[in-house]
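For reference, the structure discussed in these notes is given below.
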Amino acid sequence: ESLLAHNAGWTKSAFASLEYIVIDEFHAFIGRERGQQLMSLLNRLEHLVDRTERPICRTALSATLGDLQNIPKSLRPNGSLSCAIIEGEDSHDRLKLIVKGYLNAVDGDETEENEDGEDARTAEDDICDELFHSCRGDYHLVFANNRNRTETLSAKLLDLSESNSVPNEFFPHHGSLSKEARELVEERLQKQALPTTALCTTTLELGIDIGKVSSAIQINAPYSVSSLRQRMGRSGRRGDPSVLRVLIAEDELGVNSDLVDCLRLELLQSIAMIRLLVAEKWFEPAETELFHFSTLLHQVLAVISQWGGVRADQLYSILCERGPFQQVTIEQMQALLVKMGEDELVMQLQSGELVLASKGEQIVNRYTFYAVFKTPDEFKIVNDGKALGNVPVDSMILVGQHIIFGGRRWKVLDVDVTKKLIRVQETTGGKAPKFGGSGMDVSDRVRQEMFRVYTAGDYSIEVGSKKIDFLDEKGKELFDEGLSFFRENKLENNTFLKRASKVHILPWLGDKVVNTLLVLLKREGYEANAFGGFLEVEAAELDDVRGYLFSLIDEEPANPCELASEVPDKEIEKYDGFLPDDLLNEGFGRRAFDIKNALDWIKKQRDLHLEKES
């Protein structure tokens, strides 16, 4: 991006003889801002070196591509070259697997002290003991899903090492740590001179060569089947079987336990994803129908910067007709350019060409412009003049507060908001700061598999004529608790459930359908929330809620843009703040909602209800 924007002449010469481009881990790009930017860059490069007649061959590699027949459209959106799909045999057909359950105390028990005056043990303590005793002396990757848990577990394992008078072998690895801290962990794993267990987020899921590790360990439910496959594949290289351990913490049940806990959804989702991965070799298909207006705005600025001035029809041809923004209409492009003009990002000369305006030049000339994905403002954490790393902070950091970073505990000495600097000194105690970042949406297929597991009452995997049982004893207890609740409340046939003053709706479908139902309920004035794929309606009667949803079948269906207008905060991607409202709503609506499947589900429930009544 930088070369095209500032040195197009040299770039044209340097890439004149380019014949092949190979994209590794292609699944990590499809349907995301980085993927749209990458495809746009490849298209602009072909345009620059005048390879319209003889396009540069693109080869994509991945172990976790779902819906393979749609991949060619993502690899070359304009279809100017035919595409061959080559499938190899799964090299990880041997797998050692176990899912272990842990129980958390509730109703304040987790904060009570035991007879020795110490805090009562939690599931996290038990998980740390498991990691400490099973990982020491070897090489492992522990995927903790988020930076907060990564830091907390690292600090507890450091404490265990010190209390047992043994060298620490457990180190955090995530994007907010300094490059030096991350490379130290990577080097230990590569050289394998010292036993090392890395507690990581997605940073070690793919791409970085860390050599061979003995096992991959997943803490709580993974974000996706594709992610689980990548993590599993980090172990078992060079002929050895893959080793996957999944450690699940669930809350102890009480009289006030919510539906998510009663159904043991953390465990159930993990089971469903493992079954889809191992038995069906299924992965989530990429979202290829999104608009990506924010990335389109970025590429408009980039192309104008590259050429100095470009006509609107040329922009549409390069970026949309021949580029990756195939979903965008001429009218939408016009609306985007008009808004960019109003915001002083671009301006039109008398010749008709569009050039950068004052604010557009300011954006393009910053180093932060080249990466299209959004990076939050981060604070640098410094101890005795040495930078420990950066952290995106979503909650206040106050002087005197204790935080956890880099696997150690620190006391905040000073916070400089202007310089975005936090000075700290090492201490004991403390609570981890709240890190940014969220997981992927759960798909319809995963939730349907969760329903099938409880309907069948069997979580095991069939391989040939053999059934594989992969839960430990505590895991089986937790599964039986969830299954008992499912059967006692006849949830195989009941998708609406009244508990106390709340009405619960259980569609057993993905987050897009759940989001759609949630906004439809809120539009009617219901106080509704969504947790773990289920909806909860406060202070409502079951017949009223069900009747309202059934009535939607006979009305003109809402469109995604209308539903998006009900959502206050829609600025997800980097340049969403510059989009006109209509485009922002259209882009968010297509990303967040699935009206067709939501209405199909409501119609099915209405038909079943009428059938019961008759």
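By convention here, the chains of the structure tokens are called A, B, ... in the order presented, each chain's residues are numbered starting at 1, and ligands are numbered starting at 1 in the order presented.
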(message) For Glu473 (chain A), find every residue with an atom within 10 Å (counting only C-alpha atoms), except residues of its own chain fewer than 6 positions away, and show them as a VMD selection string.
(response) chain A and resid 99 to 101 479
(message) What's around Leu535 (chain A) at 9 Å? Count only C-alpha atoms, leave out sequence neighbours fewer than 6 positions away in its own chain, and write the answer as a list in words.
(response) Val503, His504, Ile505, Leu506, Pro507, Val514, Leu517, Leu518, Ala528 and Asn529 of chain A
(message) Report, in Å to a single decimal, how far apart CA of Leu563 (chain A) and CA of Arg591 (chain A) are.
(response)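 Separation between CA of Arg591 (chain A) and CA of Leu563 (chain A): 11.6 Å.
Nearest-residue note for Glu344 (chain A): choosing from A:Val446, A:Phe578, A:Leu97, A:Ala16, the minimum distance belongs to A:Phe578, counting only C-alpha atoms.
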(message) When you count only C-alpha atoms, which of these residues is closest to Pro241 (chain A): A:Ile219, A:Lys96, A:Arg322, A:Ile271?
(response)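 Residue with the minimum atom-to-atom distance to Pro241 (chain A): A:Lys96.
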Could you give me, as a CSV table (one decimal) with N, CA, C and O atoms, in the first residue's frame, the residues within 8 Å of Thr64 (chain A), counting only C-alpha atoms and dropping anything in the same chain fewer than 2 positions from it?
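For reference, part25.csv as written:
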```
chain,number,residue,atom,x,y,z
A,27,HIS,N,-8.0,-18.5,4.6
A,27,HIS,CA,-9.2,-18.3,5.4
A,27,HIS,C,-9.2,-17.1,6.3
A,27,HIS,O,-10.2,-16.6,6.7
A,62,SER,N,-4.8,-23.1,2.5
A,62,SER,CA,-5.4,-23.2,3.8
A,62,SER,C,-5.8,-24.6,4.2
A,62,SER,O,-6.1,-25.4,3.3
A,66,GLY,N,-14.0,-23.5,4.4
A,66,GLY,CA,-15.4,-24.1,4.3
A,66,GLY,C,-16.0,-23.6,3.0
A,66,GLY,O,-15.6,-22.6,2.5
A,226,SER,N,-13.1,-23.5,12.7
A,226,SER,CA,-11.9,-23.3,12.0
A,226,SER,C,-10.8,-22.9,12.9
A,226,SER,O,-9.6,-23.4,12.7
A,229,ARG,N,-9.5,-26.0,14.7
A,229,ARG,CA,-8.7,-26.8,13.8
A,229,ARG,C,-7.2,-26.3,13.7
A,229,ARG,O,-6.2,-27.0,13.7
A,230,GLN,N,-7.1,-24.9,13.5
A,230,GLN,CA,-5.8,-24.3,13.4
A,230,GLN,C,-5.0,-24.6,14.7
A,230,GLN,O,-3.8,-24.9,14.7
A,283,PHE,N,-16.1,-26.8,8.4
A,283,PHE,CA,-15.6,-25.5,8.9
A,283,PHE,C,-16.5,-24.4,8.5
A,283,PHE,O,-17.3,-24.5,7.5
```
(request) Fewer than 6 positions away in the same chain doesn't count, so skip those; otherwise give me all residues within 7 Å of Ile217 (chain A), counting only C-alpha atoms, as an NGL selection string. (result) :A and (141-143 or 244-246)
Export of the given selection (N, CA and C atoms) as a short mmCIF file (atom, residue, chain, number, x, y, z; two decimals), in the first residue's frame:
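Once written, result.cif looks like this:
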```
data_model
loop_
_atom_site.label_atom_id
_atom_site.label_comp_id
_atom_site.auth_asym_id
_atom_site.auth_seq_id
_atom_site.Cartn_x
_atom_site.Cartn_y
_atom_site.Cartn_z
N LEU A 141 1.16 -25.04 23.80
CA LEU A 141 0.45 -23.80 23.54
C LEU A 141 -0.89 -23.84 24.26
N VAL A 142 -1.17 -22.80 25.04
CA VAL A 142 -2.43 -22.68 25.76
C VAL A 142 -3.19 -21.50 25.18
N PHE A 143 -4.33 -21.76 24.55
CA PHE A 143 -5.14 -20.70 23.94
C PHE A 143 -6.22 -20.28 24.92
N LEU A 244 -4.97 -32.54 21.64
CA LEU A 244 -5.83 -31.40 21.98
C LEU A 244 -6.49 -31.65 23.33
N ARG A 245 -6.30 -30.68 24.23
CA ARG A 245 -6.97 -30.72 25.52
C ARG A 245 -7.84 -29.48 25.66
N VAL A 246 -9.09 -29.69 26.00
CA VAL A 246 -10.03 -28.58 26.17
C VAL A 246 -10.45 -28.55 27.63
#
```
(request) Rank nothing, just name the residue among A:Ile572, A:Asp594, A:Thr295, A:Asp607 nearest to Pro324 (chain A), using only C-alpha atoms. (result) A:Thr295
(message) If we count only C-alpha atoms and set the cut-off at 7 Å, which residues sit around region 144-159 of chain A, ignoring sequence neighbours fewer than 2 positions away in its own chain? Please answer as a list of chain:residue names.
(response)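 Counting only C-alpha atoms, the residues come to A:Cys128, A:Phe132, A:Val142, A:Ser161, A:Glu162, A:Ser163, A:Asn168, A:Phe170, A:Phe171, A:Pro172, A:His174, A:Leu199, A:Cys200, A:Thr201, A:Gln218, A:Ile219, A:Ile404, A:Phe405, A:Gly406, A:Gly407, A:Arg408, A:Ala432, A:Pro433, A:Lys434, A:Phe435.
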(request) List every residue of region 364-523 of chain A that DSSP, applied to the backbone, labels as helix (DSSP H, G or I), and write the result as number ranges by chain. (result) A: 364, 367-369, 444-456, 473-488, 511-523
I'd like the contact shell of region 38-49 of chain A - 6 Å cut-off, only C-alpha atoms, skipping same-chain residues fewer than 2 positions apart - returned as an mmCIF file with N, CA, C and O atoms, in the first residue's frame.
```cif
data_model
loop_
_atom_site.group_PDB
_atom_site.id
_atom_site.type_symbol
_atom_site.label_atom_id
_atom_site.label_comp_id
_atom_site.auth_asym_id
_atom_site.auth_seq_id
_atom_site.Cartn_x
_atom_site.Cartn_y
_atom_site.Cartn_z
ATOM 1 N N LYS A 12 5.973 -0.258 -10.323
ATOM 2 C CA LYS A 12 5.648 -0.800 -11.652
ATOM 3 C C LYS A 12 6.858 -1.519 -12.244
ATOM 4 O O LYS A 12 6.733 -2.615 -12.820
ATOM 5 N N ALA A 16 7.200 -5.818 -12.615
ATOM 6 C CA ALA A 16 6.858 -6.014 -14.027
ATOM 7 C C ALA A 16 6.887 -7.485 -14.446
ATOM 8 O O ALA A 16 6.093 -7.923 -15.283
ATOM 9 N N GLY A 35 -8.693 -8.872 4.023
ATOM 10 C CA GLY A 35 -8.866 -9.599 2.771
ATOM 11 C C GLY A 35 -9.311 -8.696 1.638
ATOM 12 O O GLY A 35 -8.819 -8.812 0.503
ATOM 13 N N GLN A 36 -10.239 -7.789 1.931
ATOM 14 C CA GLN A 36 -10.698 -6.853 0.905
ATOM 15 C C GLN A 36 -9.556 -5.950 0.448
ATOM 16 O O GLN A 36 -9.388 -5.676 -0.741
ATOM 17 N N ARG A 51 -1.343 -5.805 -16.702
ATOM 18 C CA ARG A 51 -1.434 -7.252 -16.910
ATOM 19 C C ARG A 51 -2.890 -7.681 -17.110
ATOM 20 O O ARG A 51 -3.292 -8.771 -16.694
ATOM 21 N N GLY A 323 -12.525 -5.017 -9.248
ATOM 22 C CA GLY A 323 -11.939 -5.271 -7.937
ATOM 23 C C GLY A 323 -12.833 -6.090 -7.034
ATOM 24 O O GLY A 323 -13.809 -6.701 -7.479
ATOM 25 N N PRO A 324 -12.540 -6.104 -5.736
ATOM 26 C CA PRO A 324 -13.256 -6.976 -4.796
ATOM 27 C C PRO A 324 -14.590 -6.434 -4.288
ATOM 28 O O PRO A 324 -15.334 -7.164 -3.639
#
```
(request) Rank A:Ile21, A:Ala8, A:Val537, A:Leu388 by their smallest atom-to-atom distance to Leu177 (chain A), using only C-alpha atoms, and report the top residue only. (result) A:Leu388
(message) I want to know what sits within 8 Å of region 417-421 of chain A, based on only C-alpha atoms, with residues of the same chain fewer than 4 positions away left out; could you give that as a ChimeraX atom specification?
(response) /A:378-382
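Taking only C-alpha atoms into account, Leu296 (chain A) lies nearest to A:Leu583 out of the set A:Leu471, A:Ala558, A:Leu413, A:Leu583.
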(request) Taking the DSSP assignment computed from this structure's backbone, write out as number ranges by chain all residues of region 57-95 of chain A that belong to strand (DSSP E). (result) A: 57-60, 95
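Computed from the coordinates, the CA of Glu426 (chain A) to CA of Glu180 (chain A) distance equals 19.0 Å.
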(message) Report, in Å with one decimal, the straight-line distance from CA of Asn220 (chain A) to CA of Asp480 (chain A).
(response) 18.0 Å
